[in-house]
>>> print(open('query.cif').read())   # mmCIF, C-alpha atoms
data_data
#
loop_
_atom_site.label_atom_id
_atom_site.label_comp_id
_atom_site.auth_asym_id
_atom_site.auth_seq_id
_atom_site.Cartn_x
_atom_site.Cartn_y
_atom_site.Cartn_z
CA MET A 230 -20.60 -15.92 -5.99
CA LEU A 231 -18.55 -12.83 -5.05
CA TYR A 232 -17.14 -14.50 -1.94
CA ILE A 233 -16.10 -17.65 -3.78
CA GLN A 234 -14.65 -15.78 -6.75
CA SER A 235 -12.71 -13.42 -4.48
CA ILE A 236 -11.27 -16.27 -2.40
CA VAL A 237 -10.24 -18.22 -5.49
CA VAL A 238 -8.68 -15.25 -7.32
CA TYR A 239 -6.78 -13.74 -4.38
CA THR A 240 -5.64 -17.03 -2.86
CA LEU A 241 -4.43 -18.44 -6.17
CA LEU A 242 -2.73 -15.15 -7.02
CA ALA A 243 -0.85 -15.08 -3.72
CA LEU A 244 0.19 -18.73 -3.90
CA LEU A 245 1.36 -18.49 -7.51
CA MET A 246 3.26 -15.27 -6.83
CA CYS A 247 5.00 -16.93 -3.87
CA LEU A 248 5.74 -19.99 -5.99
CA GLY A 249 7.29 -17.88 -8.73
CA ALA A 250 9.42 -15.95 -6.22
CA TYR A 251 10.54 -19.21 -4.58
CA TYR A 252 11.74 -20.85 -7.80
CA SER A 253 13.34 -17.65 -9.05
CA LYS A 254 15.90 -18.04 -6.24
CA ARG A 255 16.59 -21.71 -6.95
CA ASP A 256 18.93 -23.41 -9.39
CA VAL A 257 16.16 -24.44 -11.76
CA PRO A 258 15.59 -24.00 -15.50
CA MET A 259 14.17 -20.61 -16.46
CA ALA A 260 14.67 -19.12 -12.99
CA LYS A 261 14.37 -15.60 -14.41
CA LEU A 262 11.03 -16.45 -15.99
CA TRP A 263 9.82 -17.72 -12.62
CA GLY A 264 10.77 -14.33 -11.20
CA TRP A 265 8.68 -12.55 -13.81
CA MET A 266 5.62 -14.74 -13.27
CA PRO A 267 4.42 -12.86 -10.14
CA ILE A 268 4.80 -9.53 -11.94
CA VAL A 269 2.76 -10.68 -14.93
CA LEU A 270 0.04 -12.28 -12.80
CA PHE A 271 -0.27 -9.25 -10.54
CA THR A 272 -0.46 -6.92 -13.56
CA LEU A 273 -3.21 -8.99 -15.18
CA VAL A 274 -5.33 -9.57 -12.07
CA PHE A 275 -5.29 -5.99 -10.83
CA GLY A 276 -5.14 -4.39 -14.25
CA LEU A 277 -8.30 -6.22 -15.32
CA ARG A 278 -10.20 -5.75 -12.05
CA TYR A 279 -13.44 -3.83 -11.82
CA GLY A 280 -14.56 -1.81 -8.82
CA VAL A 281 -11.90 -3.06 -6.41
CA GLY A 282 -11.14 -0.14 -4.08
CA VAL A 283 -13.26 2.89 -3.17
CA ASP A 284 -11.28 5.12 -5.56
CA TYR A 285 -11.59 2.81 -8.56
CA ASN A 286 -14.51 4.66 -10.10
CA ASN A 287 -12.87 8.01 -9.37
CA TYR A 288 -9.93 6.98 -11.55
CA VAL A 289 -12.31 5.80 -14.26
CA GLU A 290 -14.01 9.22 -14.21
CA ILE A 291 -10.63 10.96 -14.34
CA TYR A 292 -9.67 8.90 -17.38
CA GLU A 293 -12.97 9.60 -19.15
CA ASP A 294 -12.94 13.31 -18.29
CA THR A 295 -9.42 13.81 -19.64
CA ALA A 296 -10.17 12.10 -22.97
CA SER A 297 -11.18 15.42 -24.56
CA TYR A 298 -7.83 17.14 -23.97
CA ASN A 299 -5.66 17.17 -27.07
CA SER A 300 -2.25 17.72 -25.48
CA PHE A 301 -0.24 17.04 -22.36
CA PHE A 302 -0.05 20.75 -21.51
CA SER A 303 -3.81 21.27 -21.74
CA MET A 304 -4.25 18.40 -19.28
CA TRP A 305 -1.69 19.91 -16.95
CA GLU A 306 -3.33 23.34 -17.06
CA ASN A 307 -6.84 22.08 -16.44
CA GLU A 308 -6.26 19.23 -13.97
CA ARG A 309 -4.85 19.08 -10.45
CA TYR A 310 -2.80 15.95 -11.09
CA GLU A 311 0.96 15.62 -11.18
CA ALA A 312 3.07 15.42 -14.34
CA GLY A 313 3.91 11.70 -14.12
CA PHE A 314 0.28 10.65 -13.85
CA ILE A 315 -0.74 13.05 -16.61
CA ILE A 316 1.88 11.47 -18.90
CA LEU A 317 0.31 8.05 -18.29
CA LEU A 318 -3.15 9.46 -19.03
CA TYR A 319 -1.95 11.21 -22.18
CA VAL A 320 -0.16 8.15 -23.59
CA CYS A 321 -3.17 5.93 -22.98
CA HIS A 322 -5.49 8.46 -24.62
CA LEU A 323 -3.05 8.84 -27.51
CA VAL A 324 -3.43 5.16 -28.43
CA HIS A 325 -7.16 5.12 -27.53
CA ALA A 326 -6.59 2.47 -24.88
CA PRO A 327 -9.45 1.26 -22.69
CA VAL A 328 -9.19 2.17 -19.02
CA PHE A 329 -7.99 -1.28 -17.97
CA VAL A 330 -4.76 -0.61 -19.90
CA LEU A 331 -4.09 2.38 -17.63
CA PHE A 332 -4.76 0.24 -14.55
CA SER A 333 -2.51 -2.51 -15.90
CA ILE A 334 0.35 -0.06 -16.41
CA ILE A 335 -0.06 1.27 -12.88
CA ALA A 336 -0.19 -2.26 -11.43
CA PHE A 337 2.94 -3.19 -13.37
CA ILE A 338 4.84 -0.11 -12.16
CA GLN A 339 3.98 -0.84 -8.54
CA ILE A 340 4.82 -4.54 -8.44
CA PHE A 341 7.92 -4.13 -10.63
CA LEU A 342 9.32 -1.46 -8.30
CA LEU A 343 8.73 -3.70 -5.29
CA TYR A 344 10.42 -6.56 -7.13
CA LYS A 345 13.43 -4.38 -7.97
CA ALA A 346 13.62 -3.03 -4.42
CA PHE A 347 13.78 -6.46 -2.74
CA LYS A 348 14.90 -8.99 -5.37
CA ASP A 349 18.43 -9.21 -3.96
CA GLU A 350 17.24 -9.97 -0.40
CA GLY A 351 17.13 -13.74 -0.64
CA ASP A 352 13.70 -15.30 -0.14
CA ILE A 353 12.05 -12.13 1.15
CA LEU A 354 9.93 -11.76 -2.01
CA VAL A 355 8.12 -15.01 -1.19
CA PHE A 356 6.96 -13.57 2.12
CA LEU A 357 6.48 -10.06 0.73
CA TYR A 358 4.00 -11.25 -1.89
CA ALA A 359 2.20 -13.28 0.78
CA THR A 360 1.80 -10.34 3.19
CA LEU A 361 0.85 -7.98 0.36
CA ILE A 362 -2.16 -10.12 -0.59
CA PHE A 363 -3.08 -12.07 2.54
CA THR A 364 -3.25 -9.00 4.80
CA GLY A 365 -5.83 -7.55 2.40
CA PHE A 366 -3.60 -4.47 2.11
CA CYS A 367 -3.26 -4.74 -1.66
CA MET A 368 -7.00 -4.77 -2.32
CA TYR A 369 -8.21 -2.05 0.04
CA SER A 370 -5.26 0.33 -0.29
CA PHE A 371 -2.36 -0.58 -2.57
CA MET A 372 -4.50 -0.72 -5.72
CA ASN A 373 -6.85 1.98 -4.46
CA ILE A 374 -4.88 5.23 -3.98
CA MET A 375 -2.76 4.40 -6.99
CA ARG A 376 -0.81 7.65 -7.57
CA HIS A 377 0.22 7.74 -3.94
CA GLU A 378 1.22 4.07 -3.97
CA ILE A 379 3.41 4.56 -7.05
CA ALA A 380 5.24 7.27 -5.11
CA PHE A 381 5.51 4.87 -2.14
CA CYS A 382 7.00 2.12 -4.32
CA ILE A 383 9.53 4.54 -5.80
CA PHE A 384 10.46 5.50 -2.23
CA MET A 385 10.96 1.85 -1.26
CA TYR A 386 13.31 1.42 -4.23
CA SER A 387 15.18 4.63 -3.35
CA LEU A 388 16.14 3.52 0.19
CA ARG A 389 19.18 1.71 -1.22
CA TYR A 390 20.64 5.08 -2.10
CA ILE A 391 20.46 6.25 1.51
CA ARG A 392 22.20 3.04 2.56
CA ASP A 393 24.87 3.47 -0.14
CA ASN A 394 25.29 7.19 0.58
CA LYS A 395 24.23 8.31 -2.91
CA PRO A 396 22.19 11.48 -2.30
CA ALA A 397 21.86 12.51 -5.95
CA LYS A 398 20.20 9.22 -6.92
CA TYR A 399 17.99 9.29 -3.83
CA TRP A 400 16.74 12.79 -4.54
CA LEU A 401 16.22 11.91 -8.20
CA CYS A 402 13.93 9.09 -7.04
CA CYS A 403 12.14 11.51 -4.71
CA LEU A 404 11.65 13.88 -7.64
CA LEU A 405 10.18 11.02 -9.68
CA ALA A 406 7.88 10.14 -6.76
CA PHE A 407 6.88 13.81 -6.56
CA ALA A 408 5.87 13.58 -10.23
CA PHE A 409 3.14 11.13 -9.16
CA HIS A 410 2.10 12.64 -5.82
CA ARG A 411 2.99 15.96 -4.24
CA SER A 412 3.18 14.41 -0.78
CA ALA A 413 6.59 13.00 -1.80
CA ILE A 414 8.03 16.39 -0.82
CA LEU A 415 8.14 14.85 2.68
CA LEU A 416 10.78 12.37 1.50
CA PHE A 417 13.54 14.81 0.50
CA PRO A 418 14.93 15.57 4.00
CA LEU A 419 14.94 11.93 5.11
CA TYR A 420 18.38 11.41 3.61
CA PHE A 421 19.91 13.70 6.24
CA ILE A 422 18.09 11.87 9.05
CA TRP A 423 19.26 8.39 8.10
CA ARG A 424 22.55 8.69 6.23
CA ARG A 425 24.76 8.22 9.35
CA ARG A 426 22.22 7.02 11.86
CA LYS A 427 22.21 4.20 14.35
CA GLY A 428 18.47 4.57 14.61
CA ILE A 429 15.89 6.95 16.00
CA PHE A 430 14.61 4.18 18.24
CA ASN A 431 17.73 2.61 19.69
CA SER A 432 16.15 0.19 22.14
CA TRP A 433 13.15 -2.07 22.22
CA TYR A 434 11.64 -0.46 25.34
CA ILE A 435 11.61 2.98 23.67
CA GLU A 436 9.82 1.45 20.69
CA LEU A 437 7.38 -0.35 22.96
CA ALA A 438 6.66 2.79 25.01
CA ALA A 439 6.10 4.85 21.84
CA VAL A 440 3.71 2.30 20.32
CA LEU A 441 1.71 1.70 23.51
CA GLY A 442 1.61 5.43 24.27
CA CYS A 443 0.19 6.30 20.86
CA PHE A 444 -2.23 3.37 21.07
CA LEU A 445 -3.65 4.77 24.34
CA VAL A 446 -3.67 8.35 22.99
CA SER A 447 -5.83 7.18 20.09
CA PHE A 448 -8.73 6.72 22.51
CA VAL A 449 -8.68 10.30 23.81
CA LEU A 450 -7.38 12.38 20.88
CA SER A 451 -9.83 13.72 18.32
CA TRP A 452 -8.13 14.33 14.98
CA GLN A 453 -11.06 16.53 13.91
CA ASN A 454 -10.07 19.05 16.58
CA LEU A 455 -6.54 19.22 15.17
CA LEU A 456 -7.49 19.62 11.53
CA HIS A 457 -7.42 23.44 11.43
CA TYR A 458 -3.76 23.40 12.50
CA PHE A 459 -2.79 21.51 9.34
CA ASP A 460 -4.64 23.43 6.60
CA THR A 461 -1.46 24.76 4.96
CA ILE A 462 0.36 21.41 5.16
CA VAL A 463 -2.65 19.52 3.80
CA THR A 464 -2.82 21.89 0.82
CA LEU A 465 0.93 21.67 0.18
CA LEU A 466 0.81 17.86 0.11
CA GLY A 467 -2.00 17.77 -2.46
CA TYR A 468 -4.99 17.05 -0.22
CA GLU A 469 -6.74 20.42 -0.41
CA ASN A 470 -9.79 18.80 -2.05
CA TYR A 471 -10.26 16.69 1.10
CA LEU A 472 -10.55 19.62 3.52
CA GLU A 473 -14.23 20.23 2.78
CA ILE A 474 -15.13 16.55 3.16
CA ALA A 475 -12.73 15.68 5.97
CA GLU A 476 -15.56 14.98 8.41
CA ASP A 477 -16.93 12.37 6.01
CA MET A 478 -13.55 10.72 5.47
CA THR A 479 -13.72 8.66 8.62
CA VAL A 480 -12.69 5.04 8.93
CA ASN A 481 -13.60 2.30 11.34
CA SER A 482 -11.57 2.73 14.52
CA LYS A 483 -13.25 0.11 16.67
CA LEU A 484 -11.10 -2.07 18.88
CA GLY A 485 -11.47 -5.53 17.34
CA ILE A 486 -9.49 -8.76 17.43
CA THR A 487 -7.50 -7.87 14.30
CA ARG A 488 -6.38 -4.53 15.73
CA LEU A 489 -5.45 -6.08 19.08
CA LEU A 490 -3.52 -8.85 17.37
CA ASN A 491 -1.75 -6.28 15.23
CA LEU A 492 -0.73 -4.40 18.40
CA PHE A 493 0.56 -7.63 19.97
CA VAL A 494 2.57 -8.55 16.86
CA THR A 495 4.07 -5.05 16.75
CA CYS A 496 5.10 -5.14 20.42
CA MET A 497 6.57 -8.63 19.99
CA PHE A 498 9.22 -7.50 17.51
CA ASN A 499 12.53 -5.91 18.33
CA ILE A 500 11.89 -3.55 15.42
CA LEU A 501 14.83 -1.94 13.64
CA TYR A 502 12.85 0.12 11.17
CA ASP A 503 12.19 3.71 12.17
CA LEU A 504 9.68 4.25 9.40
CA TYR A 505 7.57 1.37 10.62
CA ILE A 506 7.57 2.57 14.24
CA VAL A 507 6.71 6.13 13.18
CA GLY A 508 3.96 4.76 10.94
CA VAL A 509 2.50 2.63 13.73
CA CYS A 510 2.51 5.54 16.18
CA LEU A 511 0.98 8.05 13.77
CA GLY A 512 -1.47 5.40 12.58
CA TYR A 513 -2.85 5.09 16.11
CA ILE A 514 -2.97 8.85 16.66
CA PHE A 515 -4.90 9.41 13.41
CA MET A 516 -6.78 6.10 13.58
CA GLY A 517 -10.15 7.57 12.61
CA SER A 518 -9.06 9.85 9.76
CA MET A 519 -8.74 8.53 6.23
CA MET A 520 -7.13 11.80 5.11
CA PHE A 521 -4.38 11.77 7.76
CA GLN A 522 -3.83 8.05 7.16
CA ARG A 523 -2.97 8.93 3.58
CA ILE A 524 -0.60 11.71 4.57
CA ILE A 525 1.45 9.32 6.75
CA LEU A 526 1.40 6.59 4.08
CA TYR A 527 5.17 6.54 3.46
CA ALA A 528 5.67 5.36 7.03
CA SER A 529 2.53 3.36 7.80
CA HIS A 530 2.53 1.30 4.60
CA THR A 531 5.83 -0.31 5.45
CA HIS A 532 3.92 -2.65 7.78
CA PHE A 533 3.49 -5.44 5.20
CA ILE A 534 7.22 -5.26 4.41
CA VAL A 535 8.22 -5.52 8.07
CA LEU A 536 5.77 -8.40 8.49
CA ALA A 537 7.43 -10.14 5.54
CA TYR A 538 10.92 -9.74 7.05
CA ALA A 539 9.69 -10.97 10.42
CA LEU A 540 7.89 -13.94 8.92
CA CYS A 541 10.94 -14.85 6.85
CA TYR A 542 13.31 -14.58 9.82
CA PHE A 543 11.09 -16.49 12.24
CA TYR A 544 10.47 -19.20 9.64
CA LYS A 545 14.18 -19.75 9.01
CA THR A 546 15.00 -19.82 12.73
CA ARG A 547 11.88 -21.62 13.95
CA GLU A 548 13.73 -24.86 14.72
CA LYS A 549 16.39 -23.19 16.89
CA ASN A 550 14.17 -22.62 19.91
CA SER A 551 10.54 -22.62 20.96
CA ALA A 552 10.41 -18.82 21.25
CA GLN A 553 11.13 -18.38 17.54
CA MET A 554 8.54 -21.00 16.68
CA LEU A 555 6.00 -19.14 18.83
CA ARG A 556 6.82 -15.83 17.15
CA TYR A 557 6.46 -17.43 13.73
CA ALA A 558 3.10 -18.92 14.75
CA VAL A 559 1.83 -15.57 16.07
CA VAL A 560 2.78 -13.66 12.91
CA ALA A 561 1.29 -16.41 10.72
CA LEU A 562 -1.89 -16.32 12.84
CA PHE A 563 -2.11 -12.56 12.42
CA ILE A 564 -1.91 -12.92 8.63
CA VAL A 565 -4.56 -15.67 8.64
CA VAL A 566 -6.89 -13.57 10.83
CA SER A 567 -6.31 -10.49 8.63
CA TYR A 568 -7.11 -12.42 5.46
CA SER A 569 -10.17 -14.04 7.02
CA SER A 570 -11.42 -10.65 8.22
CA PHE A 571 -10.86 -9.13 4.79
CA ILE A 572 -12.74 -11.93 3.04
CA PHE A 573 -15.59 -11.84 5.59
CA HIS A 574 -16.07 -8.10 4.97
CA VAL A 575 -15.21 -8.27 1.28
CA LYS A 576 -18.51 -6.72 0.21
CA ASP A 577 -18.28 -3.87 2.70
CA ASN A 578 -14.67 -2.94 1.93
CA THR A 579 -15.12 -2.99 -1.89
CA GLY A 580 -12.50 -5.73 -2.11
CA ALA A 581 -14.71 -8.34 -3.81
CA TYR A 582 -13.05 -9.30 -7.09
CA VAL A 583 -14.87 -8.77 -10.36
CA SER A 584 -13.18 -8.74 -13.76
CA TYR A 585 -13.49 -5.82 -16.16
CA PHE A 586 -15.01 -8.27 -18.66
CA GLN A 587 -17.72 -9.55 -16.29
CA LYS A 588 -20.15 -6.90 -17.46
CA ASP A 589 -23.12 -8.57 -15.77
CA MET A 590 -21.43 -8.12 -12.37
CA HIS A 591 -20.57 -4.43 -12.74
CA LYS A 592 -23.89 -3.17 -11.41
CA VAL A 593 -23.52 -5.37 -8.33
CA LYS A 594 -20.07 -3.93 -7.66
CA ASP A 595 -21.31 -0.38 -8.17
CA ASN A 596 -24.07 -0.90 -5.62
CA LEU A 597 -21.63 -2.38 -3.11
CA ARG A 598 -19.26 0.55 -3.57
CA ASP A 599 -22.03 3.12 -3.11
CA ALA A 600 -23.16 1.37 0.07
CA ALA A 601 -19.60 1.46 1.43
CA LEU A 602 -19.16 5.21 0.86
CA PRO A 603 -19.80 7.65 3.74
CA ASN A 604 -22.55 9.33 1.72
CA PRO A 605 -24.12 6.67 -0.53
CA LYS A 606 -25.54 7.86 -3.81
#
>>> encode(input="query.cif", output="structure tokens")
Amino acid sequence: MLYIQSIVVYTLLALLMCLGAYYSKRDVPMAKLWGWMPIVLFTLVFGLRYGVGVDYNNYVEIYEDTASYNSFFSMWENERYEAGFIILLYVCHLVHAPVFVLFSIIAFIQIFLLYKAFKDEGDILVFLYATLIFTGFCMYSFMNIMRHEIAFCIFMYSLRYIRDNKPAKYWLCCLLAFAFHRSAILLFPLYFIWRRRKGIFNSWYIELAAVLGCFLVSFVLSWQNLLHYFDTIVTLLGYENYLEIAEDMTVNSKLGITRLLNLFVTCMFNILYDLYIVGVCLGYIFMGSMMFQRIILYASHTHFIVLAYALCYFYKTREKNSAQMLRYAVVALFIVVSYSSFIFHVKDNTGAYVSYFQKDMHKVKDNLRDAALPNPK
């Protein structure tokens, strides 16, 4: 039941989102409404989900625990969360909204920011929606660490201001991102790095050497041994509560077909995006640490966007030569394998879809989540 429901919901969602993005760029009646269809569908599906993501129940507990506070300032004084998130909590409590309203607002903010960031880039949204869902990224991460992902989406929108040399607007976006997650403090100096750059990685062989080097280092480097060097930084970025449980926050770092295919796809590109390369390299170095994976999120989570650009480019140039067709086939295969792997492990990765209103399925989801945690209840 969970497998079938998850396949139907996620596959239909991805296809309909891609369809809406496709027709929004065509000369058809109600093109703007087609563009809004993916936003509405995404908001409903992920706003009304239950138990999708390891942190889902943590956010439910946060919402329930903050219901007793009678003002924004009392929440701010007694909670460790940032001002932007507290405002969302306070508004929802003010109107006595059920928790799925909070999740719907968060889902809307995330997908709307992505839409605004890339809506002027031709057909890229079609491929962006596809990689967001079919890689499984949305279910196990994007709608899991929600405060952090809001900050990430704000950052994606703000990159236009680096390109257009508008520092005040960029830093205003960074400040807004900081209002949802303290780790956004890392974003402020990036303007100076990229405002007149040709690129940190100026040639494909430097990129390739960096990626392969970090991939090999991942087999010999133990992030646990480095943890004590980062105590101050971890606290500054808002992860101090993870220090005591860092040993338990481990993730699967086995060398499987999906990870090898991901490495091959990465090495195949002549990548122009410094963030993506940095994210790939740091992702390999901290492969086993969930905490460090979150700290490097602003770089590593650009992977589905780069995949979308690559897929779009290879698709449009696939008929020019056999090499482009092969590249398109490899990237498409990677996405198919990623989605198949996600669906196959859907119970173990808490990604199985259950609606908030399917009350009879909530206990099943709770049991699956507890079994997936490092220390099951």
>>> closest_residue(input="query.cif", among="A:Tyr285, A:Tyr292, A:Trp265, A:Tyr420", to="Tyr390 in chain A", atoms="only C-alpha atoms")
A:Tyr420
>>> residues_around(input="query.cif", residues="Ile268 in chain A", least_positions_apart="4", cutoff="9 Å", atoms="all atoms listed in the file", output="JSON, numbers by chain")
{"A": [246, 264, 272, 273, 336, 337, 340, 341, 344]}
>>> closest_residue(input="query.cif", among="A:Ser235, A:Asn596, A:Ser300, A:Thr531", to="Phe371 in chain A", atoms="only C-alpha atoms")
A:Thr531
>>> closest_residue(input="query.cif", among="A:Ser387, A:Trp423, A:Leu361, A:Tyr557", to="His532 in chain A", atoms="all atoms listed in the file")
A:Leu361
>>> resolve_selection(input="query.cif", expression="the PyMOL selection byres ((chain A and resi 540-556) around 9)", output="count of residues only")
18
>>> atom_distance(input="query.cif", atom1="CA of Val283 in chain A", atom2="CA of His377 in chain A")
14.3 Å
>>> residues_around(input="query.cif", residues="Tyr288 in chain A", least_positions_apart="6", cutoff="12 Å", atoms="all atoms listed in the file", output="MDAnalysis selection string")
chainID A and resid 279:282 294:295 310 314 318 328:329 331:332 335 372:376
>>> closest_residue(input="query.cif", among="A:Trp400, A:Phe417, A:Phe571, A:Phe366", to="Ser529 in chain A", atoms="all atoms listed in the file")
A:Phe366
>>> resolve_selection(input="query.cif", expression="the PyMOL selection byres ((chain A and resi 320) around 12)", output="JSON, numbers by chain")
{"A": [292, 295, 296, 298, 299, 300, 301, 304, 313, 314, 315, 316, 317, 318, 319, 321, 322, 323, 324, 325, 326, 327, 328, 330, 331, 334]}
>>> atom_distance(input="query.cif", atom1="CA of Val566 in chain A", atom2="CA of Phe381 in chain A")
25.7 Å
>>> atom_distance(input="query.cif", atom1="CA of Ser253 in chain A", atom2="CA of Ser584 in chain A")
28.4 Å
>>> resolve_selection(input="query.cif", expression="the PyMOL selection byres ((chain A and resi 408) around 8)", output="ChimeraX atom specification")
/A:311-314,404-407,409-411
>>> write_last_selection(input="query.cif", atoms="C-alpha atoms", output="mmCIF file, in the coordinates of the input")
data_model
loop_
_atom_site.group_PDB
_atom_site.id
_atom_site.type_symbol
_atom_site.label_atom_id
_atom_site.label_comp_id
_atom_site.auth_asym_id
_atom_site.auth_seq_id
_atom_site.Cartn_x
_atom_site.Cartn_y
_atom_site.Cartn_z
ATOM 1 C CA GLU A 311 0.960 15.620 -11.180
ATOM 2 C CA ALA A 312 3.070 15.420 -14.340
ATOM 3 C CA GLY A 313 3.910 11.700 -14.120
ATOM 4 C CA PHE A 314 0.280 10.650 -13.850
ATOM 5 C CA LEU A 404 11.650 13.880 -7.640
ATOM 6 C CA LEU A 405 10.180 11.020 -9.680
ATOM 7 C CA ALA A 406 7.880 10.140 -6.760
ATOM 8 C CA PHE A 407 6.880 13.810 -6.560
ATOM 9 C CA PHE A 409 3.140 11.130 -9.160
ATOM 10 C CA HIS A 410 2.100 12.640 -5.820
ATOM 11 C CA ARG A 411 2.990 15.960 -4.240
#
>>> closest_residue(input="query.cif", among="A:Ser333, A:Tyr568, A:Leu262, A:Ser370", to="Ala243 in chain A", atoms="only C-alpha atoms")
A:Tyr568
>>> closest_residue(input="query.cif", among="A:Tyr358, A:Phe275, A:Trp305, A:Tyr369", to="Ile338 in chain A", atoms="only C-alpha atoms")
A:Phe275
